[in-house]
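File shown: my_file.pdb. Contents: PDB, C-alpha atoms, pLDDT in the B column.
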```pdb
ATOM      1  CA  MET A   1     -92.902  29.816 -55.640  1.00 59.00           C
ATOM      2  CA  LYS A   2     -94.558  27.870 -52.825  1.00 54.00           C
ATOM      3  CA  LYS A   3     -91.907  25.169 -53.108  1.00 54.00           C
ATOM      4  CA  ILE A   4     -89.111  27.756 -52.824  1.00 57.00           C
ATOM      5  CA  LEU A   5     -90.789  29.328 -49.813  1.00 51.00           C
ATOM      6  CA  LEU A   6     -91.188  25.930 -48.212  1.00 46.00           C
ATOM      7  CA  LEU A   7     -87.531  25.120 -48.822  1.00 50.00           C
ATOM      8  CA  LEU A   8     -86.493  28.427 -47.275  1.00 53.00           C
ATOM      9  CA  ILE A   9     -88.607  27.731 -44.200  1.00 53.00           C
ATOM     10  CA  ILE A  10     -87.123  24.247 -43.876  1.00 48.00           C
ATOM     11  CA  LEU A  11     -83.621  25.683 -44.294  1.00 47.00           C
ATOM     12  CA  LEU A  12     -84.212  28.329 -41.644  1.00 42.00           C
ATOM     13  CA  VAL A  13     -85.565  25.717 -39.249  1.00 41.00           C
ATOM     14  CA  LEU A  14     -82.507  23.521 -39.826  1.00 40.00           C
ATOM     15  CA  VAL A  15     -80.153  26.445 -39.314  1.00 44.00           C
ATOM     16  CA  GLY A  16     -82.000  27.373 -36.129  1.00 43.00           C
ATOM     17  CA  ILE A  17     -81.700  23.831 -34.831  1.00 42.00           C
ATOM     18  CA  LEU A  18     -78.024  23.549 -35.706  1.00 41.00           C
ATOM     19  CA  ALA A  19     -77.345  26.932 -34.127  1.00 44.00           C
ATOM     20  CA  SER A  20     -79.030  25.878 -30.907  1.00 45.00           C
ATOM     21  CA  PRO A  21     -76.803  25.646 -27.810  1.00 50.00           C
ATOM     22  CA  PHE A  22     -77.819  21.972 -27.642  1.00 47.00           C
ATOM     23  CA  PHE A  23     -76.227  21.175 -31.015  1.00 59.00           C
ATOM     24  CA  ILE A  24     -73.187  23.492 -31.150  1.00 86.00           C
ATOM     25  CA  LYS A  25     -70.133  21.533 -30.056  1.00 91.00           C
ATOM     26  CA  ILE A  26     -67.334  23.244 -28.140  1.00 88.00           C
ATOM     27  CA  ASN A  27     -63.803  21.910 -28.495  1.00 88.00           C
ATOM     28  CA  ASN A  28     -61.730  25.016 -27.754  1.00 91.00           C
ATOM     29  CA  LEU A  29     -61.585  27.059 -24.550  1.00 92.00           C
ATOM     30  CA  ASN A  30     -59.617  30.312 -24.162  1.00 94.00           C
ATOM     31  CA  CYS A  31     -59.008  31.891 -20.771  1.00 95.00           C
ATOM     32  CA  THR A  32     -57.642  35.380 -20.107  1.00 95.00           C
ATOM     33  CA  SER A  33     -57.542  37.645 -17.071  1.00 95.00           C
ATOM     34  CA  GLN A  34     -56.665  41.257 -16.271  1.00 93.00           C
ATOM     35  CA  PHE A  35     -53.047  40.090 -16.048  1.00 91.00           C
ATOM     36  CA  GLY A  36     -52.972  38.311 -19.419  1.00 93.00           C
ATOM     37  CA  ALA A  37     -53.222  34.528 -19.437  1.00 93.00           C
ATOM     38  CA  CYS A  38     -55.185  32.942 -16.587  1.00 94.00           C
ATOM     39  CA  SER A  39     -53.290  31.465 -13.658  1.00 91.00           C
ATOM     40  CA  SER A  40     -52.096  27.922 -14.238  1.00 92.00           C
ATOM     41  CA  ASP A  41     -54.342  26.424 -11.545  1.00 92.00           C
ATOM     42  CA  ILE A  42     -57.452  28.048 -13.057  1.00 94.00           C
ATOM     43  CA  LYS A  43     -56.434  26.969 -16.557  1.00 93.00           C
ATOM     44  CA  ASN A  44     -55.824  23.403 -15.375  1.00 93.00           C
ATOM     45  CA  ASP A  45     -59.318  23.244 -13.889  1.00 93.00           C
ATOM     46  CA  LEU A  46     -60.851  24.515 -17.130  1.00 93.00           C
ATOM     47  CA  ASP A  47     -58.749  22.133 -19.239  1.00 91.00           C
ATOM     48  CA  GLY A  48     -60.279  19.259 -17.290  1.00 91.00           C
ATOM     49  CA  ILE A  49     -63.745  20.034 -18.665  1.00 90.00           C
ATOM     50  CA  GLU A  50     -64.820  17.467 -21.252  1.00 88.00           C
ATOM     51  CA  PRO A  51     -65.855  18.808 -24.698  1.00 85.00           C
ATOM     52  CA  GLY A  52     -69.604  19.060 -25.092  1.00 90.00           C
ATOM     53  CA  SER A  53     -72.450  21.197 -26.348  1.00 93.00           C
ATOM     54  CA  LEU A  54     -72.400  24.958 -25.977  1.00 92.00           C
ATOM     55  CA  ARG A  55     -75.084  24.765 -23.313  1.00 92.00           C
ATOM     56  CA  ASP A  56     -73.369  22.059 -21.269  1.00 93.00           C
ATOM     57  CA  SER A  57     -69.914  23.594 -21.683  1.00 93.00           C
ATOM     58  CA  LYS A  58     -71.049  26.990 -20.401  1.00 94.00           C
ATOM     59  CA  LYS A  59     -72.693  25.350 -17.394  1.00 94.00           C
ATOM     60  CA  LYS A  60     -69.549  23.358 -16.571  1.00 94.00           C
ATOM     61  CA  VAL A  61     -67.288  26.403 -16.970  1.00 95.00           C
ATOM     62  CA  GLN A  62     -69.571  28.480 -14.785  1.00 94.00           C
ATOM     63  CA  SER A  63     -69.730  25.783 -12.104  1.00 95.00           C
ATOM     64  CA  THR A  64     -65.934  25.399 -12.118  1.00 95.00           C
ATOM     65  CA  LEU A  65     -65.244  29.127 -11.826  1.00 96.00           C
ATOM     66  CA  LEU A  66     -67.817  29.724  -9.089  1.00 95.00           C
ATOM     67  CA  LYS A  67     -65.968  27.209  -6.908  1.00 93.00           C
ATOM     68  CA  HIS A  68     -62.525  28.703  -7.496  1.00 92.00           C
ATOM     69  CA  LYS A  69     -61.202  30.961  -4.729  1.00 91.00           C
ATOM     70  CA  LYS A  70     -59.077  33.054  -7.062  1.00 93.00           C
ATOM     71  CA  VAL A  71     -61.951  34.003  -9.373  1.00 95.00           C
ATOM     72  CA  LYS A  72     -63.652  37.245  -8.384  1.00 94.00           C
ATOM     73  CA  GLU A  73     -65.696  37.871 -11.550  1.00 95.00           C
ATOM     74  CA  PHE A  74     -65.964  36.263 -14.964  1.00 96.00           C
ATOM     75  CA  ALA A  75     -67.707  36.429 -18.323  1.00 96.00           C
ATOM     76  CA  ILE A  76     -68.232  33.633 -20.871  1.00 95.00           C
ATOM     77  CA  ASN A  77     -68.620  34.396 -24.585  1.00 94.00           C
ATOM     78  CA  TYR A  78     -69.107  32.121 -27.576  1.00 95.00           C
ATOM     79  CA  THR A  79     -67.107  32.559 -30.779  1.00 92.00           C
ATOM     80  CA  PHE A  80     -68.142  30.748 -33.955  1.00 90.00           C
ATOM     81  CA  PRO A  81     -67.712  27.941 -34.672  1.00 90.00           C
ATOM     82  CA  LYS A  82     -66.506  25.977 -31.621  1.00 92.00           C
ATOM     83  CA  THR A  83     -64.820  28.284 -29.096  1.00 93.00           C
ATOM     84  CA  LEU A  84     -65.681  29.583 -25.645  1.00 94.00           C
ATOM     85  CA  ASN A  85     -63.805  32.669 -24.470  1.00 95.00           C
ATOM     86  CA  VAL A  86     -63.572  33.093 -20.709  1.00 96.00           C
ATOM     87  CA  VAL A  87     -62.535  36.469 -19.272  1.00 96.00           C
ATOM     88  CA  ILE A  88     -61.722  36.474 -15.569  1.00 96.00           C
ATOM     89  CA  VAL A  89     -61.021  39.058 -12.892  1.00 96.00           C
ATOM     90  CA  GLU A  90     -58.562  37.205 -10.674  1.00 96.00           C
ATOM     91  CA  ARG A  91     -57.949  37.714  -7.003  1.00 95.00           C
ATOM     92  CA  LYS A  92     -54.269  38.163  -6.222  1.00 92.00           C
ATOM     93  CA  PRO A  93     -52.539  37.756  -2.839  1.00 94.00           C
ATOM     94  CA  GLN A  94     -51.216  40.956  -1.338  1.00 95.00           C
ATOM     95  CA  VAL A  95     -50.670  40.060   2.328  1.00 97.00           C
ATOM     96  CA  ALA A  96     -49.509  36.943   4.188  1.00 97.00           C
ATOM     97  CA  ILE A  97     -51.158  35.970   7.467  1.00 96.00           C
ATOM     98  CA  LEU A  98     -49.120  34.149  10.123  1.00 96.00           C
ATOM     99  CA  ARG A  99     -51.314  32.604  12.800  1.00 93.00           C
ATOM    100  CA  LYS A 100     -50.150  32.023  16.346  1.00 89.00           C
ATOM    101  CA  ASN A 101     -48.049  28.838  16.622  1.00 89.00           C
ATOM    102  CA  ALA A 102     -48.368  28.245  12.861  1.00 91.00           C
ATOM    103  CA  THR A 103     -45.506  27.650  10.444  1.00 90.00           C
ATOM    104  CA  ASN A 104     -47.339  28.186   7.152  1.00 95.00           C
ATOM    105  CA  TYR A 105     -48.479  31.533   5.787  1.00 97.00           C
ATOM    106  CA  ILE A 106     -52.039  32.127   4.610  1.00 96.00           C
ATOM    107  CA  LEU A 107     -52.119  34.356   1.544  1.00 96.00           C
ATOM    108  CA  ILE A 108     -55.110  36.694   1.300  1.00 95.00           C
ATOM    109  CA  ASP A 109     -56.265  39.403  -1.092  1.00 93.00           C
ATOM    110  CA  LYS A 110     -57.425  42.925  -0.280  1.00 88.00           C
ATOM    111  CA  ASP A 111     -60.934  41.666   0.539  1.00 88.00           C
ATOM    112  CA  GLY A 112     -59.609  39.270   3.150  1.00 88.00           C
ATOM    113  CA  THR A 113     -60.337  36.232   0.978  1.00 91.00           C
ATOM    114  CA  ILE A 114     -58.079  33.271   1.730  1.00 91.00           C
ATOM    115  CA  LEU A 115     -56.434  32.132  -1.507  1.00 93.00           C
ATOM    116  CA  GLU A 116     -53.747  29.613  -0.589  1.00 92.00           C
ATOM    117  CA  GLU A 117     -51.159  28.515   1.956  1.00 93.00           C
ATOM    118  CA  SER A 118     -47.387  28.654   1.593  1.00 94.00           C
ATOM    119  CA  ASP A 119     -44.355  27.717   3.688  1.00 94.00           C
ATOM    120  CA  SER A 120     -42.598  30.917   2.589  1.00 94.00           C
ATOM    121  CA  THR A 121     -43.624  34.352   1.332  1.00 95.00           C
ATOM    122  CA  THR A 122     -42.413  37.600  -0.177  1.00 95.00           C
ATOM    123  CA  PHE A 123     -45.611  39.438   0.787  1.00 97.00           C
ATOM    124  CA  PRO A 124     -45.891  41.779   3.792  1.00 97.00           C
ATOM    125  CA  ILE A 125     -46.829  39.814   6.894  1.00 97.00           C
ATOM    126  CA  ILE A 126     -49.579  40.243   9.479  1.00 97.00           C
ATOM    127  CA  ALA A 127     -49.013  38.120  12.586  1.00 97.00           C
ATOM    128  CA  ILE A 128     -52.351  37.353  14.239  1.00 94.00           C
ATOM    129  CA  GLN A 129     -52.208  36.760  17.993  1.00 83.00           C
ATOM    130  CA  GLU A 130     -55.908  37.135  18.740  1.00 82.00           C
ATOM    131  CA  VAL A 131     -58.925  35.199  17.475  1.00 81.00           C
ATOM    132  CA  GLY A 132     -62.426  36.302  16.564  1.00 87.00           C
ATOM    133  CA  HIS A 133     -61.689  39.035  14.030  1.00 90.00           C
ATOM    134  CA  THR A 134     -64.421  39.764  11.508  1.00 92.00           C
ATOM    135  CA  ASN A 135     -63.822  39.551   7.776  1.00 89.00           C
ATOM    136  CA  SER A 136     -64.279  43.335   7.625  1.00 93.00           C
ATOM    137  CA  GLU A 137     -61.474  43.843  10.141  1.00 94.00           C
ATOM    138  CA  LEU A 138     -59.231  41.392   8.321  1.00 93.00           C
ATOM    139  CA  SER A 139     -59.906  43.134   5.012  1.00 93.00           C
ATOM    140  CA  PHE A 140     -59.157  46.555   6.522  1.00 96.00           C
ATOM    141  CA  ALA A 141     -55.947  45.255   8.099  1.00 96.00           C
ATOM    142  CA  ALA A 142     -54.876  43.652   4.812  1.00 95.00           C
ATOM    143  CA  ASN A 143     -55.365  46.896   2.886  1.00 96.00           C
ATOM    144  CA  LEU A 144     -53.680  48.896   5.621  1.00 97.00           C
ATOM    145  CA  GLN A 145     -50.640  46.611   5.775  1.00 97.00           C
ATOM    146  CA  TYR A 146     -50.348  46.582   1.983  1.00 96.00           C
ATOM    147  CA  GLU A 147     -50.376  50.392   1.794  1.00 96.00           C
ATOM    148  CA  LEU A 148     -47.863  50.634   4.647  1.00 97.00           C
ATOM    149  CA  PHE A 149     -45.594  48.241   2.779  1.00 97.00           C
ATOM    150  CA  ILE A 150     -45.876  50.069  -0.541  1.00 96.00           C
ATOM    151  CA  ASN A 151     -45.619  53.622   0.783  1.00 96.00           C
ATOM    152  CA  PHE A 152     -43.603  53.354   4.009  1.00 96.00           C
ATOM    153  CA  ASN A 153     -41.636  50.110   3.652  1.00 95.00           C
ATOM    154  CA  VAL A 154     -43.335  48.521   6.672  1.00 97.00           C
ATOM    155  CA  ASN A 155     -42.840  44.796   6.100  1.00 96.00           C
ATOM    156  CA  SER A 156     -44.823  43.370   8.989  1.00 97.00           C
ATOM    157  CA  SER A 157     -47.381  44.083  11.681  1.00 97.00           C
ATOM    158  CA  ILE A 158     -49.170  42.380  14.570  1.00 97.00           C
ATOM    159  CA  MET A 159     -52.954  42.179  14.588  1.00 96.00           C
ATOM    160  CA  LYS A 160     -54.252  42.606  18.132  1.00 94.00           C
ATOM    161  CA  LYS A 161     -57.830  42.470  19.398  1.00 92.00           C
ATOM    162  CA  ASP A 162     -58.780  45.991  18.264  1.00 93.00           C
ATOM    163  CA  HIS A 163     -55.732  47.387  16.469  1.00 96.00           C
ATOM    164  CA  LEU A 164     -52.841  46.751  14.130  1.00 97.00           C
ATOM    165  CA  LEU A 165     -49.467  47.217  15.779  1.00 97.00           C
ATOM    166  CA  ILE A 166     -46.466  48.347  13.747  1.00 97.00           C
ATOM    167  CA  THR A 167     -43.056  49.635  14.766  1.00 95.00           C
ATOM    168  CA  LYS A 168     -41.344  52.386  12.796  1.00 93.00           C
ATOM    169  CA  ASP A 169     -38.153  54.230  13.775  1.00 89.00           C
ATOM    170  CA  GLY A 170     -38.350  52.817  17.280  1.00 90.00           C
ATOM    171  CA  VAL A 171     -41.933  53.985  17.865  1.00 94.00           C
ATOM    172  CA  ASN A 172     -44.957  51.707  18.200  1.00 96.00           C
ATOM    173  CA  PHE A 173     -48.039  52.781  16.245  1.00 97.00           C
ATOM    174  CA  LEU A 174     -51.485  51.446  17.169  1.00 98.00           C
ATOM    175  CA  LEU A 175     -53.707  51.634  14.100  1.00 98.00           C
ATOM    176  CA  PRO A 176     -57.476  50.980  14.074  1.00 97.00           C
ATOM    177  CA  LEU A 177     -59.092  48.027  12.312  1.00 96.00           C
ATOM    178  CA  LYS A 178     -61.926  50.116  10.884  1.00 95.00           C
ATOM    179  CA  GLY A 179     -62.606  53.600   9.568  1.00 95.00           C
ATOM    180  CA  ASP A 180     -61.341  55.569   6.599  1.00 96.00           C
ATOM    181  CA  LEU A 181     -58.158  54.003   5.265  1.00 96.00           C
ATOM    182  CA  ASP A 182     -56.896  57.253   3.740  1.00 96.00           C
ATOM    183  CA  VAL A 183     -57.447  59.129   7.007  1.00 96.00           C
ATOM    184  CA  VAL A 184     -55.541  56.495   9.003  1.00 97.00           C
ATOM    185  CA  LEU A 185     -52.636  56.524   6.542  1.00 97.00           C
ATOM    186  CA  GLY A 186     -52.637  60.311   6.403  1.00 96.00           C
ATOM    187  CA  SER A 187     -52.538  60.613  10.191  1.00 96.00           C
ATOM    188  CA  TYR A 188     -49.749  58.051  10.406  1.00 97.00           C
ATOM    189  CA  ASN A 189     -47.700  59.859   7.764  1.00 96.00           C
ATOM    190  CA  LEU A 190     -48.251  63.271   9.395  1.00 95.00           C
ATOM    191  CA  ILE A 191     -47.201  62.148  12.873  1.00 94.00           C
ATOM    192  CA  LEU A 192     -44.270  60.095  11.590  1.00 93.00           C
ATOM    193  CA  SER A 193     -42.989  63.085   9.610  1.00 92.00           C
ATOM    194  CA  TRP A 194     -43.449  65.406  12.609  1.00 89.00           C
ATOM    195  CA  LEU A 195     -41.559  63.070  14.935  1.00 88.00           C
ATOM    196  CA  LYS A 196     -38.669  62.797  12.492  1.00 85.00           C
ATOM    197  CA  SER A 197     -38.547  66.548  12.002  1.00 84.00           C
ATOM    198  CA  GLU A 198     -38.563  67.357  15.713  1.00 78.00           C
ATOM    199  CA  LYS A 199     -35.973  64.701  16.512  1.00 74.00           C
ATOM    200  CA  GLU A 200     -33.649  66.122  13.865  1.00 69.00           C
ATOM    201  CA  LYS A 201     -34.088  69.634  15.267  1.00 68.00           C
ATOM    202  CA  SER A 202     -33.806  68.398  18.873  1.00 61.00           C
ATOM    203  CA  ARG A 203     -36.222  71.182  19.796  1.00 56.00           C
ATOM    204  CA  ILE A 204     -38.412  69.111  22.122  1.00 54.00           C
ATOM    205  CA  ASP A 205     -36.733  66.780  24.588  1.00 58.00           C
ATOM    206  CA  LYS A 206     -39.910  64.782  25.122  1.00 59.00           C
ATOM    207  CA  VAL A 207     -40.102  63.880  21.435  1.00 63.00           C
ATOM    208  CA  ASN A 208     -37.196  61.491  21.887  1.00 70.00           C
ATOM    209  CA  ALA A 209     -39.072  59.859  24.753  1.00 77.00           C
ATOM    210  CA  VAL A 210     -42.177  59.035  22.663  1.00 85.00           C
ATOM    211  CA  TYR A 211     -42.440  55.280  22.445  1.00 89.00           C
ATOM    212  CA  GLU A 212     -46.046  54.828  21.323  1.00 95.00           C
ATOM    213  CA  VAL A 213     -48.605  56.642  19.172  1.00 95.00           C
ATOM    214  CA  ASP A 214     -52.239  55.547  19.392  1.00 97.00           C
ATOM    215  CA  LEU A 215     -54.301  56.389  16.288  1.00 96.00           C
ATOM    216  CA  ARG A 216     -57.482  54.604  17.367  1.00 95.00           C
ATOM    217  CA  TYR A 217     -58.982  57.862  18.621  1.00 92.00           C
ATOM    218  CA  LYS A 218     -60.111  61.025  16.903  1.00 88.00           C
ATOM    219  CA  ASN A 219     -57.181  62.859  18.454  1.00 90.00           C
ATOM    220  CA  PRO A 220     -53.957  60.791  18.342  1.00 90.00           C
ATOM    221  CA  VAL A 221     -52.404  59.957  21.699  1.00 91.00           C
ATOM    222  CA  MET A 222     -48.632  60.033  22.209  1.00 90.00           C
ATOM    223  CA  ARG A 223     -47.214  58.103  25.140  1.00 89.00           C
ATOM    224  CA  ILE A 224     -43.828  58.776  26.703  1.00 81.00           C
TER     225      ILE A 224
END
```

Would you give me this structure, written as structure tokens?
Amino acid sequence: MKKILLLLIILLVLVGILASPFFIKINNLNCTSQFGACSSDIKNDLDGIEPGSLRDSKKKVQSTLLKHKKVKEFAINYTFPKTLNVVIVERKPQVAILRKNATNYILIDKDGTILEESDSTTFPIIAIQEVGHTNSELSFAANLQYELFINFNVNSSIMKKDHLLITKDGVNFLLPLKGDLDVVLGSYNLILSWLKSEKEKSRIDKVNAVYEVDLRYKNPVMRI
């Protein structure tokens, strides 16, 4: 009985050692994101990790992903016997930034994070003519431009010192770089709809003379 108990203890110790992250060898790495398979550049970086122990492999994967601009969040899980499964929340470009005197576009996500550069783009464009904007302002402008593109077919804008300038139906709109995004979009939509309605009715002569609407203030300002 004692011999059997001793053998069981030895077996459990051996199993514990073999199951240790130091002894488990990883030779397979799967990567998925919210869009399906991970982006090719992320996958290529992960494929460059040399096979090793579970402990070392997790450290290398973590280090690689923390350095990658496109990775917002990630989780690493082990699957018996030799596989690491990596699940990533990827950042995706939604706006292209065109700097003054630049020829390449900088692609950013909704948080204002710079992801890559490109010599062409299909994303809505923000032309920046001023310097010194905060990341918060850039993020707000990126979200604002994206929503304008999706909902109102506004393909481009100009980012000034304290506002985003867009032109719609011959009228310039000055939009703030901070505040409640839904309120700004709602105000823009309301005034744009009103201007169109009044122009069609031709009820107010001055409506046709409106060339600028300033939404930076609590009460919008129309200039003629």

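Proximity ranking of A:Lys82, A:Lys178, A:Lys70, A:Lys160 relative to A:Leu54 places A:Lys82 first, based on only C-alpha atoms.
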
If we count only C-alpha atoms, what is near stretch 138-151 of chain A at a cut-off of 9 Å, once residues fewer than 4 positions away on the same chain are taken out, given as a PyMOL selection string?
-> chain A and resi 94-97+108-113+123-126+133-134+155-157+159+163-164+175-179+181+184-185

Using all atoms listed in the file, the residue out of A:Ser63, A:Ser193, A:Gln34, A:Ser120 with shortest distance to A:Asn104 is A:Ser120

When distances are computed from all atoms listed in the file, which of A:Leu190, A:Leu215, A:Ala37, A:Ile26 shows the smallest separation from A:Thr79?
-> A:Ile26

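Atom CA of A:Arg99 lies 24.4 Å from atom CA of A:Glu212.
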
If we count all atoms listed in the file, what is near A:Val86 at a cut-off of 6 Å, once residues fewer than 5 positions away on the same chain are taken out, given as an MDAnalysis selection string?
-> chainID A and resid 30:31 75:76

Identify all residues satisfying the PyMOL selection byres ((chain A and resi 167) around 12) in the given file; provide them as number ranges by chain.
-> A: 148, 152-158, 164-166, 168-175, 188, 192, 211-214

Expected axis-aligned box over every listed atom of stretch 65-84 of chain A, 3 Å added per side, centre plus edges in Å to one decimal, as JSON:
```
{"center_x": -64.1, "center_y": 31.9, "center_z": -19.7, "size_x": 16.0, "size_y": 17.9, "size_z": 35.9}
```

Name every residue that the PyMOL selection byres ((chain A and resi 91) around 6) selects in this structure, writing the answer as a ChimeraX atom specification with chains first and numbers rising.
-> /A:70-72,90,92

Between A:Lys161, A:Ser197, A:Gly186, A:Asn27, which one has atoms that come closest to A:Phe80, using all atoms listed in the file?
-> A:Asn27

Excluding same-chain residues fewer than 4 positions from A:His68, what lies within 12 Å of it counting only C-alpha atoms, as number ranges by chain?
-> A: 39, 41-46, 61-64, 72-74, 88-91, 113-116

Keeping only C-alpha atoms, write the selected residues as a PDB file, in the coordinates of the input.
```pdb
ATOM      1  CA  SER A  39     -53.290  31.465 -13.658  1.00 91.00           C
ATOM      2  CA  ASP A  41     -54.342  26.424 -11.545  1.00 92.00           C
ATOM      3  CA  ILE A  42     -57.452  28.048 -13.057  1.00 94.00           C
ATOM      4  CA  LYS A  43     -56.434  26.969 -16.557  1.00 93.00           C
ATOM      5  CA  ASN A  44     -55.824  23.403 -15.375  1.00 93.00           C
ATOM      6  CA  ASP A  45     -59.318  23.244 -13.889  1.00 93.00           C
ATOM      7  CA  LEU A  46     -60.851  24.515 -17.130  1.00 93.00           C
ATOM      8  CA  VAL A  61     -67.288  26.403 -16.970  1.00 95.00           C
ATOM      9  CA  GLN A  62     -69.571  28.480 -14.785  1.00 94.00           C
ATOM     10  CA  SER A  63     -69.730  25.783 -12.104  1.00 95.00           C
ATOM     11  CA  THR A  64     -65.934  25.399 -12.118  1.00 95.00           C
ATOM     12  CA  LYS A  72     -63.652  37.245  -8.384  1.00 94.00           C
ATOM     13  CA  GLU A  73     -65.696  37.871 -11.550  1.00 95.00           C
ATOM     14  CA  PHE A  74     -65.964  36.263 -14.964  1.00 96.00           C
ATOM     15  CA  ILE A  88     -61.722  36.474 -15.569  1.00 96.00           C
ATOM     16  CA  VAL A  89     -61.021  39.058 -12.892  1.00 96.00           C
ATOM     17  CA  GLU A  90     -58.562  37.205 -10.674  1.00 96.00           C
ATOM     18  CA  ARG A  91     -57.949  37.714  -7.003  1.00 95.00           C
ATOM     19  CA  THR A 113     -60.337  36.232   0.978  1.00 91.00           C
ATOM     20  CA  ILE A 114     -58.079  33.271   1.730  1.00 91.00           C
ATOM     21  CA  LEU A 115     -56.434  32.132  -1.507  1.00 93.00           C
ATOM     22  CA  GLU A 116     -53.747  29.613  -0.589  1.00 92.00           C
TER      23      GLU A 116
END
```

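Atom to atom, atom CA of A:Gln129 and atom CA of A:Pro220 stand 24.1 Å apart.
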
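Taking all atoms listed in the file into account, A:Asn28 lies nearest to A:Leu84 out of the set A:Ile49, A:Leu84, A:Ala102, A:Val210.
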